[in-house]
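Raw contents of target.pdb, PDB, C-alpha atoms:
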ATOM      1  CA  MET A   6      -0.782 -23.114 -22.868
ATOM      2  CA  LYS A   7       1.238 -24.551 -20.006
ATOM      3  CA  THR A   8       3.689 -21.650 -20.291
ATOM      4  CA  ASP A   9       0.837 -19.129 -20.018
ATOM      5  CA  SER A  10      -0.491 -20.977 -16.985
ATOM      6  CA  ASN A  11       2.922 -20.914 -15.340
ATOM      7  CA  THR A  12       3.268 -17.208 -16.070
ATOM      8  CA  ILE A  13      -0.108 -16.458 -14.485
ATOM      9  CA  THR A  14       0.759 -18.582 -11.463
ATOM     10  CA  ALA A  15       4.146 -16.873 -11.037
ATOM     11  CA  SER A  16       2.457 -13.468 -11.350
ATOM     12  CA  ALA A  17      -0.105 -14.386  -8.689
ATOM     13  CA  ILE A  18       2.561 -15.652  -6.301
ATOM     14  CA  LYS A  19       4.688 -12.534  -6.861
ATOM     15  CA  LYS A  20       1.667 -10.306  -6.235
ATOM     16  CA  LYS A  21       0.865 -12.210  -3.054
ATOM     17  CA  ASN A  22       4.467 -12.034  -1.788
ATOM     18  CA  VAL A  23       4.675  -8.271  -2.396
ATOM     19  CA  PHE A  24       1.364  -7.825  -0.609
ATOM     20  CA  PHE A  25       2.516  -9.751   2.452
ATOM     21  CA  THR A  26       5.817  -7.829   2.519
ATOM     22  CA  MET A  27       4.001  -4.503   2.505
ATOM     23  CA  GLN A  28       1.564  -5.760   5.142
ATOM     24  CA  TYR A  29       4.204  -5.303   7.809
ATOM     25  CA  VAL A  30       4.997  -1.666   6.946
ATOM     26  CA  PRO A  31       1.678  -0.055   8.033
ATOM     27  CA  PRO A  32       1.838  -1.694  11.500
ATOM     28  CA  LEU A  33       5.208  -0.015  12.010
ATOM     29  CA  LEU A  34       3.761   3.381  11.045
ATOM     30  CA  ILE A  35       0.723   3.063  13.299
ATOM     31  CA  THR A  36       3.015   2.034  16.160
ATOM     32  CA  LEU A  37       5.070   5.176  15.491
ATOM     33  CA  ILE A  38       1.900   7.295  15.628
ATOM     34  CA  LEU A  39       1.028   5.681  18.945
ATOM     35  CA  ILE A  40       4.474   6.235  20.449
ATOM     36  CA  ALA A  41       4.796   9.825  19.187
ATOM     37  CA  GLY A  42       1.272  10.718  20.291
ATOM     38  CA  HIS A  43       1.664   9.212  23.725
ATOM     39  CA  LEU A  44       5.108  10.674  24.413
ATOM     40  CA  THR A  45       3.972  14.108  23.219
ATOM     41  CA  PHE A  46       0.443  14.304  24.628
ATOM     42  CA  GLY A  47      -0.198  11.104  26.563
ATOM     43  CA  ILE A  48      -2.994  10.045  24.191
ATOM     44  CA  LEU A  49      -3.360   6.682  25.939
ATOM     45  CA  GLU A  50      -5.558   6.733  29.017
ATOM     46  CA  GLY A  51      -3.985   3.478  30.145
ATOM     47  CA  TYR A  52      -1.935   0.616  28.791
ATOM     48  CA  LYS A  53      -4.677  -1.858  29.706
ATOM     49  CA  ASN A  54      -6.988  -0.258  27.140
ATOM     50  CA  ILE A  55      -4.626  -0.556  24.183
ATOM     51  CA  LEU A  56      -3.445  -4.050  25.127
ATOM     52  CA  LEU A  57      -7.020  -5.247  25.549
ATOM     53  CA  SER A  58      -8.160  -3.889  22.189
ATOM     54  CA  ILE A  59      -5.145  -5.349  20.368
ATOM     55  CA  GLY A  60      -5.509  -8.692  22.112
ATOM     56  CA  CYS A  61      -9.249  -8.979  21.431
ATOM     57  CA  SER A  62      -8.783  -7.953  17.812
ATOM     58  CA  MET A  63      -6.045 -10.497  17.111
ATOM     59  CA  LEU A  64      -7.759 -13.315  19.021
ATOM     60  CA  THR A  65     -11.062 -12.714  17.214
ATOM     61  CA  GLU A  66      -9.218 -12.732  13.878
ATOM     62  CA  LEU A  67      -7.501 -16.021  14.692
ATOM     63  CA  ILE A  68     -10.724 -17.738  15.759
ATOM     64  CA  LEU A  69     -12.955 -16.487  12.925
ATOM     65  CA  ALA A  70     -10.364 -17.080  10.208
ATOM     66  CA  ARG A  71     -10.012 -20.670  11.390
ATOM     67  CA  LEU A  72     -13.758 -21.241  11.716
ATOM     68  CA  VAL A  73     -14.840 -19.497   8.503
ATOM     69  CA  PHE A  74     -11.944 -20.080   6.101
ATOM     70  CA  GLY A  75     -10.073 -22.928   7.775
ATOM     71  CA  THR A  76      -6.792 -20.991   7.716
ATOM     72  CA  TRP A  77      -4.454 -19.244  10.131
ATOM     73  CA  LYS A  78      -4.703 -15.560   9.258
ATOM     74  CA  ASN A  79      -1.853 -13.089   9.092
ATOM     75  CA  LEU A  80      -2.486 -10.804  12.069
ATOM     76  CA  SER A  81      -0.993  -7.522  10.840
ATOM     77  CA  SER A  82      -4.433  -6.243   9.804
ATOM     78  CA  ALA A  83      -5.921  -7.236  13.171
ATOM     79  CA  TYR A  84      -3.064  -5.455  14.938
ATOM     80  CA  ILE A  85      -3.821  -2.242  13.019
ATOM     81  CA  THR A  86      -7.508  -2.568  13.887
ATOM     82  CA  GLY A  87      -6.776  -3.167  17.564
ATOM     83  CA  ILE A  88      -4.322  -0.321  17.894
ATOM     84  CA  SER A  89      -6.687   2.038  16.012
ATOM     85  CA  VAL A  90      -9.453   1.187  18.466
ATOM     86  CA  GLY A  91      -7.097   1.675  21.413
ATOM     87  CA  ILE A  92      -6.035   5.110  20.164
ATOM     88  CA  LEU A  93      -9.360   6.472  18.916
ATOM     89  CA  VAL A  94     -11.785   5.238  21.574
ATOM     90  CA  ARG A  95     -12.142   7.114  24.841
ATOM     91  CA  SER A  96     -14.020   5.548  27.744
ATOM     92  CA  PRO A  97     -13.693   5.224  31.531
ATOM     93  CA  TYR A  98     -14.551   1.538  31.145
ATOM     94  CA  LEU A  99     -12.569  -1.359  29.712
ATOM     95  CA  TRP A 100     -15.378  -3.235  28.000
ATOM     96  CA  PRO A 101     -15.889  -0.710  25.128
ATOM     97  CA  PHE A 102     -12.319  -1.364  23.963
ATOM     98  CA  ALA A 103     -12.885  -5.121  23.890
ATOM     99  CA  LEU A 104     -16.348  -4.865  22.304
ATOM    100  CA  THR A 105     -15.278  -2.379  19.629
ATOM    101  CA  ALA A 106     -12.304  -4.527  18.643
ATOM    102  CA  ILE A 107     -14.403  -7.701  18.473
ATOM    103  CA  VAL A 108     -17.218  -6.057  16.482
ATOM    104  CA  SER A 109     -14.679  -4.525  14.095
ATOM    105  CA  ILE A 110     -13.132  -7.883  13.232
ATOM    106  CA  MET A 111     -16.490  -9.671  13.084
ATOM    107  CA  SER A 112     -17.667  -7.223  10.420
ATOM    108  CA  LYS A 113     -15.016  -8.644   8.076
ATOM    109  CA  TYR A 114     -16.551 -12.105   8.250
ATOM    110  CA  ILE A 115     -20.250 -11.311   8.498
ATOM    111  CA  LEU A 116     -20.832  -8.223   6.330
ATOM    112  CA  ARG A 117     -19.540  -9.452   2.979
ATOM    113  CA  TYR A 118     -20.559  -9.004  -0.640
ATOM    114  CA  ARG A 119     -19.176 -11.240  -3.365
ATOM    115  CA  ASN A 120     -16.621 -12.761  -1.018
ATOM    116  CA  THR A 121     -15.290  -9.347   0.049
ATOM    117  CA  HIS A 122     -15.813  -7.384   3.250
ATOM    118  CA  ILE A 123     -16.991  -3.896   2.406
ATOM    119  CA  TRP A 124     -16.406  -1.866   5.587
ATOM    120  CA  ASN A 125     -13.043  -0.871   6.948
ATOM    121  CA  PRO A 126     -13.101  -2.909  10.195
ATOM    122  CA  SER A 127     -12.020  -0.248  12.676
ATOM    123  CA  ASN A 128     -14.226   2.379  11.015
ATOM    124  CA  PHE A 129     -17.221   0.058  11.311
ATOM    125  CA  GLY A 130     -16.695  -0.797  14.972
ATOM    126  CA  ILE A 131     -15.786   2.705  16.109
ATOM    127  CA  THR A 132     -18.663   4.364  14.219
ATOM    128  CA  TRP A 133     -21.239   2.012  15.686
ATOM    129  CA  MET A 134     -19.935   2.591  19.190
ATOM    130  CA  PHE A 135     -20.011   6.369  18.738
ATOM    131  CA  ALA A 136     -23.580   6.200  17.419
ATOM    132  CA  LEU A 137     -25.072   3.674  19.849
ATOM    133  CA  LEU A 138     -23.194   4.423  23.085
ATOM    134  CA  PRO A 139     -22.456   8.166  23.123
ATOM    135  CA  ALA A 140     -22.785   8.290  26.906
ATOM    136  CA  GLY A 141     -20.049   5.727  27.504
ATOM    137  CA  VAL A 142     -17.766   6.165  24.495
ATOM    138  CA  ALA A 143     -16.074   9.218  22.989
ATOM    139  CA  GLY A 144     -13.384   9.773  20.380
ATOM    140  CA  LEU A 145      -9.845  11.116  20.437
ATOM    141  CA  SER A 146      -9.803  14.895  19.916
ATOM    142  CA  ILE A 147      -6.172  15.956  20.150
ATOM    143  CA  GLN A 148      -4.082  18.059  17.756
ATOM    144  CA  TRP A 149      -0.296  18.223  17.763
ATOM    145  CA  GLY A 150      -0.470  21.970  18.511
ATOM    146  CA  ASN A 151       2.968  23.585  18.559
ATOM    147  CA  ASN A 152       4.762  20.226  18.537
ATOM    148  CA  ILE A 153       5.216  20.244  14.797
ATOM    149  CA  TRP A 154       8.102  17.770  14.479
ATOM    150  CA  PRO A 155       6.210  14.598  15.449
ATOM    151  CA  MET A 156       3.487  15.571  12.993
ATOM    152  CA  LEU A 157       5.967  16.222  10.175
ATOM    153  CA  VAL A 158       7.832  12.956  10.731
ATOM    154  CA  ILE A 159       4.631  10.919  10.705
ATOM    155  CA  TRP A 160       3.234  12.721   7.673
ATOM    156  CA  VAL A 161       6.456  12.221   5.684
ATOM    157  CA  LEU A 162       6.695   8.538   6.595
ATOM    158  CA  GLY A 163       2.983   8.051   6.011
ATOM    159  CA  LEU A 164       3.105   9.647   2.569
ATOM    160  CA  VAL A 165       6.096   7.505   1.599
ATOM    161  CA  ILE A 166       4.300   4.343   2.721
ATOM    162  CA  VAL A 167       1.017   5.071   0.926
ATOM    163  CA  TRP A 168       3.088   5.924  -2.154
ATOM    164  CA  ARG A 169       4.810   2.546  -1.919
ATOM    165  CA  VAL A 170       1.478   0.707  -1.720
ATOM    166  CA  LYS A 171       0.086   2.818  -4.584
ATOM    167  CA  ARG A 172      -2.473   4.654  -2.440
ATOM    168  CA  LEU A 173      -0.899   8.116  -2.393
ATOM    169  CA  HIS A 174      -3.521   9.531  -4.764
ATOM    170  CA  ILE A 175      -6.263   8.575  -2.287
ATOM    171  CA  THR A 176      -4.620  10.371   0.621
ATOM    172  CA  LEU A 177      -3.749  13.451  -1.437
ATOM    173  CA  THR A 178      -7.243  13.686  -2.943
ATOM    174  CA  TYR A 179      -8.839  13.577   0.487
ATOM    175  CA  VAL A 180      -6.380  16.032   2.071
ATOM    176  CA  ILE A 181      -6.666  18.557  -0.773
ATOM    177  CA  SER A 182     -10.466  18.220  -0.754
ATOM    178  CA  PHE A 183     -10.560  18.647   3.023
ATOM    179  CA  ILE A 184      -8.474  21.823   2.803
ATOM    180  CA  LEU A 185     -10.685  23.279   0.067
ATOM    181  CA  PHE A 186     -13.858  22.400   1.957
ATOM    182  CA  SER A 187     -12.327  23.876   5.123
ATOM    183  CA  PHE A 188     -11.896  27.168   3.298
ATOM    184  CA  LEU A 189     -15.493  26.976   2.062
ATOM    185  CA  ARG A 190     -16.746  26.195   5.589
ATOM    186  CA  SER A 191     -14.858  29.206   6.941
ATOM    187  CA  LEU A 192     -16.698  31.416   4.450
ATOM    188  CA  ILE A 193     -20.060  29.905   5.378
ATOM    189  CA  THR A 194     -19.686  29.773   9.163
ATOM    190  CA  GLY A 195     -17.433  32.786   9.716
ATOM    191  CA  ASP A 196     -14.885  30.686  11.606
ATOM    192  CA  SER A 197     -11.223  31.129  10.735
ATOM    193  CA  PHE A 198      -9.686  28.910   8.081
ATOM    194  CA  LEU A 199      -7.042  27.668  10.519
ATOM    195  CA  THR A 200      -9.748  26.534  12.931
ATOM    196  CA  GLU A 201     -11.517  24.596  10.196
ATOM    197  CA  VAL A 202      -8.380  22.931   8.826
ATOM    198  CA  SER A 203      -6.688  22.206  12.180
ATOM    199  CA  PRO A 204      -8.148  18.678  12.634
ATOM    200  CA  LEU A 205      -5.717  17.475   9.947
ATOM    201  CA  THR A 206      -2.872  18.029  12.406
ATOM    202  CA  GLY A 207      -4.141  15.468  14.906
ATOM    203  CA  PRO A 208      -3.387  11.741  15.363
ATOM    204  CA  MET A 209      -7.037  10.906  14.629
ATOM    205  CA  TYR A 210      -6.799  12.224  11.092
ATOM    206  CA  GLN A 211      -3.416  10.596  10.542
ATOM    207  CA  LEU A 212      -5.011   7.244  11.289
ATOM    208  CA  PHE A 213      -7.926   8.166   9.049
ATOM    209  CA  VAL A 214      -5.948   9.261   5.975
ATOM    210  CA  PHE A 215      -3.185   6.645   6.179
ATOM    211  CA  PHE A 216      -5.120   3.553   7.277
ATOM    212  CA  MET A 217      -8.899   3.814   6.964
ATOM    213  CA  ILE A 218      -9.525   5.410   3.579
ATOM    214  CA  THR A 219      -6.528   3.658   1.975
ATOM    215  CA  ASP A 220      -7.343   0.135   3.219
ATOM    216  CA  PRO A 221      -6.610  -2.066   0.147
ATOM    217  CA  ALA A 222      -9.329  -4.581   1.002
ATOM    218  CA  THR A 223     -12.109  -1.979   1.272
ATOM    219  CA  THR A 224     -11.270   0.468  -1.516
ATOM    220  CA  VAL A 225     -12.447   0.172  -5.100
ATOM    221  CA  LYS A 226      -9.864  -1.209  -7.497
ATOM    222  CA  ASN A 227     -10.026   1.450 -10.205
ATOM    223  CA  LYS A 228      -7.709   4.443  -9.652
ATOM    224  CA  LYS A 229     -10.201   7.006 -10.955
ATOM    225  CA  GLY A 230     -12.825   5.404  -8.757
ATOM    226  CA  GLN A 231     -10.538   5.668  -5.720
ATOM    227  CA  ILE A 232     -10.002   9.366  -6.384
ATOM    228  CA  LEU A 233     -13.737   9.933  -6.771
ATOM    229  CA  VAL A 234     -14.533   8.038  -3.571
ATOM    230  CA  ALA A 235     -11.920  10.003  -1.584
ATOM    231  CA  PHE A 236     -13.456  13.254  -2.838
ATOM    232  CA  LEU A 237     -16.984  12.069  -1.980
ATOM    233  CA  ILE A 238     -15.896  11.135   1.543
ATOM    234  CA  ALA A 239     -14.536  14.660   2.022
ATOM    235  CA  LEU A 240     -17.744  16.113   0.530
ATOM    236  CA  VAL A 241     -20.055  14.139   2.816
ATOM    237  CA  GLU A 242     -17.852  15.029   5.780
ATOM    238  CA  PHE A 243     -18.138  18.701   4.751
ATOM    239  CA  VAL A 244     -21.948  18.445   4.887
ATOM    240  CA  PHE A 245     -21.846  16.669   8.246
ATOM    241  CA  ARG A 246     -19.511  19.297   9.711
ATOM    242  CA  LEU A 247     -21.802  22.084   8.586
ATOM    243  CA  ASN A 248     -24.534  20.338  10.577
ATOM    244  CA  GLN A 249     -22.294  20.174  13.672
ATOM    245  CA  MET A 250     -21.984  16.382  13.574
ATOM    246  CA  ILE A 251     -19.236  15.013  15.790
ATOM    247  CA  TYR A 252     -16.934  12.387  14.267
ATOM    248  CA  SER A 253     -17.904  13.464  10.750
ATOM    249  CA  PRO A 254     -15.036  11.669   8.934
ATOM    250  CA  PHE A 255     -15.975   8.305  10.444
ATOM    251  CA  TYR A 256     -19.634   8.675   9.493
ATOM    252  CA  ALA A 257     -18.702   9.837   5.984
ATOM    253  CA  LEU A 258     -16.462   6.825   5.358
ATOM    254  CA  PHE A 259     -19.041   4.515   6.950
ATOM    255  CA  ILE A 260     -21.592   5.611   4.320
ATOM    256  CA  VAL A 261     -19.536   6.296   1.191
ATOM    257  CA  GLY A 262     -16.967   3.486   1.408
ATOM    258  CA  PRO A 263     -19.311   0.462   1.470
ATOM    259  CA  ALA A 264     -21.662   2.019  -1.103
ATOM    260  CA  ALA A 265     -18.726   2.463  -3.485
ATOM    261  CA  MET A 266     -17.517  -1.090  -2.811
ATOM    262  CA  ILE A 267     -20.930  -2.617  -3.530
ATOM    263  CA  ILE A 268     -21.284  -0.682  -6.788
ATOM    264  CA  SER A 269     -17.733  -1.561  -7.835
ATOM    265  CA  LEU A 270     -18.132  -5.260  -7.040
ATOM    266  CA  TYR A 271     -21.522  -5.397  -8.763
ATOM    267  CA  LEU A 272     -20.159  -3.819 -11.947
ATOM    268  CA  ARG A 273     -16.881  -5.747 -11.945
ATOM    269  CA  PRO A 274     -16.850  -8.413 -14.670
ATOM    270  CA  PRO A 275     -16.139 -11.977 -13.550
ATOM    271  CA  ILE A 276     -12.459 -12.910 -13.506
ATOM    272  CA  THR A 277     -11.633 -15.347 -16.297
ATOM    273  CA  GLY A 278      -8.527 -17.286 -17.225
ATOM    274  CA  THR A 279      -7.193 -17.449 -13.678
ATOM    275  CA  THR A 280      -5.640 -20.414 -11.981
ATOM    276  CA  HIS A 281      -6.510 -21.773  -8.560
ATOM    277  CA  THR A 282      -3.342 -20.182  -7.159
ATOM    278  CA  GLU A 283      -4.223 -16.737  -8.514
ATOM    279  CA  LYS A 284      -7.792 -16.950  -7.206
ATOM    280  CA  LYS A 285      -6.502 -18.033  -3.810
ATOM    281  CA  ALA A 286      -4.120 -15.058  -3.714
ATOM    282  CA  GLU A 287      -6.953 -12.669  -4.634
ATOM    283  CA  ILE A 288      -9.234 -14.087  -1.932
ATOM    284  CA  GLN A 289      -6.449 -13.787   0.638
ATOM    285  CA  ILE A 290      -6.043 -10.081  -0.175
ATOM    286  CA  ASN A 291      -9.792  -9.493   0.084
ATOM    287  CA  ARG A 292      -9.897 -11.045   3.529
TER     288      ARG A 292
END

Can you turn what I pasted into structure tokens?
Amino acid sequence: MKTDSNTITASAIKKKNVFFTMQYVPPLLITLILIAGHLTFGILEGYKNILLSIGCSMLTELILARLVFGTWKNLSSAYITGISVGILVRSPYLWPFALTAIVSIMSKYILRYRNTHIWNPSNFGITWMFALLPAGVAGLSIQWGNNIWPMLVIWVLGLVIVWRVKRLHITLTYVISFILFSFLRSLITGDSFLTEVSPLTGPMYQLFVFFMITDPATTVKNKKGQILVAFLIALVEFVFRLNQMIYSPFYALFIVGPAAMIISLYLRPPITGTTHTEKKAEIQINR
């Protein structure tokens, strides 16, 4: 019995160590997207905006993790949230960057179900800002255009990374579904297929397909379920786009993602035969 317990403990520790190692890879990719996008198109309206959103995101994470869980949180997730906000939000003011970053991180600690946050943080904060403050906040709407090499480099690296973290099937399901629905939209609306599919070439969608819909903490655990959810996100986005809704992918994920998480967590049987170490590792991942 002691041997089994040691095996479970070793497995939990190994799982936790692999998770923390991979945590530092996505921040490198999102930094590459930022650098490539800014050098190619100048996607940043100012360095103050991005620094403010990153700083507010990481500071909020530090404070809430200490107050709520009594721990010092790894800040790689907060960095991704902050840099996503800095890239995707457009505003002539500074305060929307700070507020969006703070609200995004707060959602992880307030909106929880069965000890798990159910919204991707940056998707939550950005979507609420788009919906509630359309006069003062807009979203990034840039494609790579003829500058194909930055796009190819980021897509190749992004696909390798999501493959390494076992999320490639999510990205591919969404991308394939988006392309198919783009073709269907072109038949319905009369617009060209290239016009309908072109958003995939922009930095906004690279953040969406590599970071938001593949977020390990806010995706269902079952692989078939992940594929289904990715397809449903593309389907809901398809409906929103037909109705001329701006920021359709964010709204689609905002609705489908949490609903899928709640159903998955509700149906998931209680974990039995786990040690304190394994439970602690699982909780850390869900944070």

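Near Pro31 of chain A, within 8 Å and counting all atoms listed in the file, sit Met27, Gln28, Leu34, Ile35, Ile85, Ile166 and Phe216 of chain A, not including residues fewer than 3 positions from it in the same chain.
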
Selection result of the PyMOL selection byres ((chain A and resi 101) around 10) on this file, as a list in words:
Asn54, Leu57, Ser58, Val90, Gly91, Val94, Arg95, Ser96, Pro97, Tyr98, Leu99, Trp100, Phe102, Ala103, Leu104, Thr105, Ala106, Ile107, Ile131, Met134, Leu138, Gly141 and Val142 of chain A

Any chance you could export the current selection's C-alpha atoms as a CSV table (one decimal), keeping the file's coordinate frame?
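Okay, this is what ended up in again-v8.csv:
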chain,number,residue,atom,x,y,z
A,54,ASN,CA,-7.0,-0.3,27.1
A,57,LEU,CA,-7.0,-5.2,25.5
A,58,SER,CA,-8.2,-3.9,22.2
A,90,VAL,CA,-9.5,1.2,18.5
A,91,GLY,CA,-7.1,1.7,21.4
A,94,VAL,CA,-11.8,5.2,21.6
A,95,ARG,CA,-12.1,7.1,24.8
A,96,SER,CA,-14.0,5.5,27.7
A,97,PRO,CA,-13.7,5.2,31.5
A,98,TYR,CA,-14.6,1.5,31.1
A,99,LEU,CA,-12.6,-1.4,29.7
A,100,TRP,CA,-15.4,-3.2,28.0
A,102,PHE,CA,-12.3,-1.4,24.0
A,103,ALA,CA,-12.9,-5.1,23.9
A,104,LEU,CA,-16.3,-4.9,22.3
A,105,THR,CA,-15.3,-2.4,19.6
A,106,ALA,CA,-12.3,-4.5,18.6
A,107,ILE,CA,-14.4,-7.7,18.5
A,131,ILE,CA,-15.8,2.7,16.1
A,134,MET,CA,-19.9,2.6,19.2
A,138,LEU,CA,-23.2,4.4,23.1
A,141,GLY,CA,-20.0,5.7,27.5
A,142,VAL,CA,-17.8,6.2,24.5

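Closest approach to Val170 of chain A from the set A:Leu272, A:Leu205, A:Val30, A:Ile88 is made by A:Val30, with distances taken over all atoms listed in the file.
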
To one decimal place in Å, what is the distance between atom CA of Met266 of chain A and atom CA of Leu162 of chain A?
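If I compute the distance from atom CA of Met266 of chain A to atom CA of Leu162 of chain A, I get 27.7 Å.
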
Between A:Gly42, A:Ile110, A:Ile175, A:Asn120, which has the minimum distance to Lys228 of chain A (counting all atoms listed in the file)?
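Among the listed residues, the smallest separation from Lys228 of chain A belongs to A:Ile175.
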
Considering all atoms listed in the file, state which residue in the set A:Thr178, A:Thr36, A:Ser197, A:Ser112 is at the smallest distance from Leu233 of chain A.
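Going through A:Thr178, A:Thr36, A:Ser197, A:Ser112 one by one, the smallest distance to Leu233 of chain A is for A:Thr178.
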
Give the answer as one residue: which of A:Tyr179, A:Phe259, A:Phe129, A:Phe186 has the shortest atom-to-atom distance to Thr219 of chain A, using only C-alpha atoms?
A:Tyr179

Measuring atom to atom with only C-alpha atoms, identify which of A:Pro254, A:Pro274, A:Gly75, A:Pro139 is nearest to Leu212 of chain A.
A:Pro254

So which residues are close to (0.4, -14.2, 13.2), meaning at most 12 Å away in the file's coordinates with all atoms listed in the file counted, and can you show them as a CSV table (one decimal) with C-alpha atoms, keeping the file's coordinate frame?
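Output contents, as saved in part_7.csv:
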chain,number,residue,atom,x,y,z
A,25,PHE,CA,2.5,-9.8,2.5
A,28,GLN,CA,1.6,-5.8,5.1
A,29,TYR,CA,4.2,-5.3,7.8
A,63,MET,CA,-6.0,-10.5,17.1
A,64,LEU,CA,-7.8,-13.3,19.0
A,66,GLU,CA,-9.2,-12.7,13.9
A,67,LEU,CA,-7.5,-16.0,14.7
A,68,ILE,CA,-10.7,-17.7,15.8
A,70,ALA,CA,-10.4,-17.1,10.2
A,76,THR,CA,-6.8,-21.0,7.7
A,77,TRP,CA,-4.5,-19.2,10.1
A,78,LYS,CA,-4.7,-15.6,9.3
A,79,ASN,CA,-1.9,-13.1,9.1
A,80,LEU,CA,-2.5,-10.8,12.1
A,81,SER,CA,-1.0,-7.5,10.8
A,82,SER,CA,-4.4,-6.2,9.8
A,83,ALA,CA,-5.9,-7.2,13.2
A,84,TYR,CA,-3.1,-5.5,14.9

Box in all listed atoms of segment 93-112 of chain A, axis-aligned, with 5 Å more on each side; write out centre and edge lengths in Å to one decimal as AutoDock Vina command-line options.
--center_x -13.5 --center_y -1.3 --center_z 21.0 --size_x 18.3 --size_y 26.8 --size_z 31.1

Can you pull out every residue within 10 Å of Leu177 of chain A, counting only C-alpha atoms, but drop anything in the same chain fewer than 2 positions away, and send it as a PyMOL selection string?
chain A and resi 164+167+172-175+179-183+214+232+235-236

Okay, now the selection with C-alpha atoms, as a tab-separated table (two decimals), in the coordinates of the input?
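File written: out.tsv
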chain	number	residue	atom	x	y	z
A	164	LEU	CA	3.10	9.65	2.57
A	167	VAL	CA	1.02	5.07	0.93
A	172	ARG	CA	-2.47	4.65	-2.44
A	173	LEU	CA	-0.90	8.12	-2.39
A	174	HIS	CA	-3.52	9.53	-4.76
A	175	ILE	CA	-6.26	8.57	-2.29
A	179	TYR	CA	-8.84	13.58	0.49
A	180	VAL	CA	-6.38	16.03	2.07
A	181	ILE	CA	-6.67	18.56	-0.77
A	182	SER	CA	-10.47	18.22	-0.75
A	183	PHE	CA	-10.56	18.65	3.02
A	214	VAL	CA	-5.95	9.26	5.98
A	232	ILE	CA	-10.00	9.37	-6.38
A	235	ALA	CA	-11.92	10.00	-1.58
A	236	PHE	CA	-13.46	13.25	-2.84

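As for atom CA of Pro208 of chain A and atom CA of Met111 of chain A, they are spaced 25.2 Å apart.
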
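Between atom CA of Thr176 of chain A and atom CA of Gly130 of chain A lies a distance of 21.8 Å.
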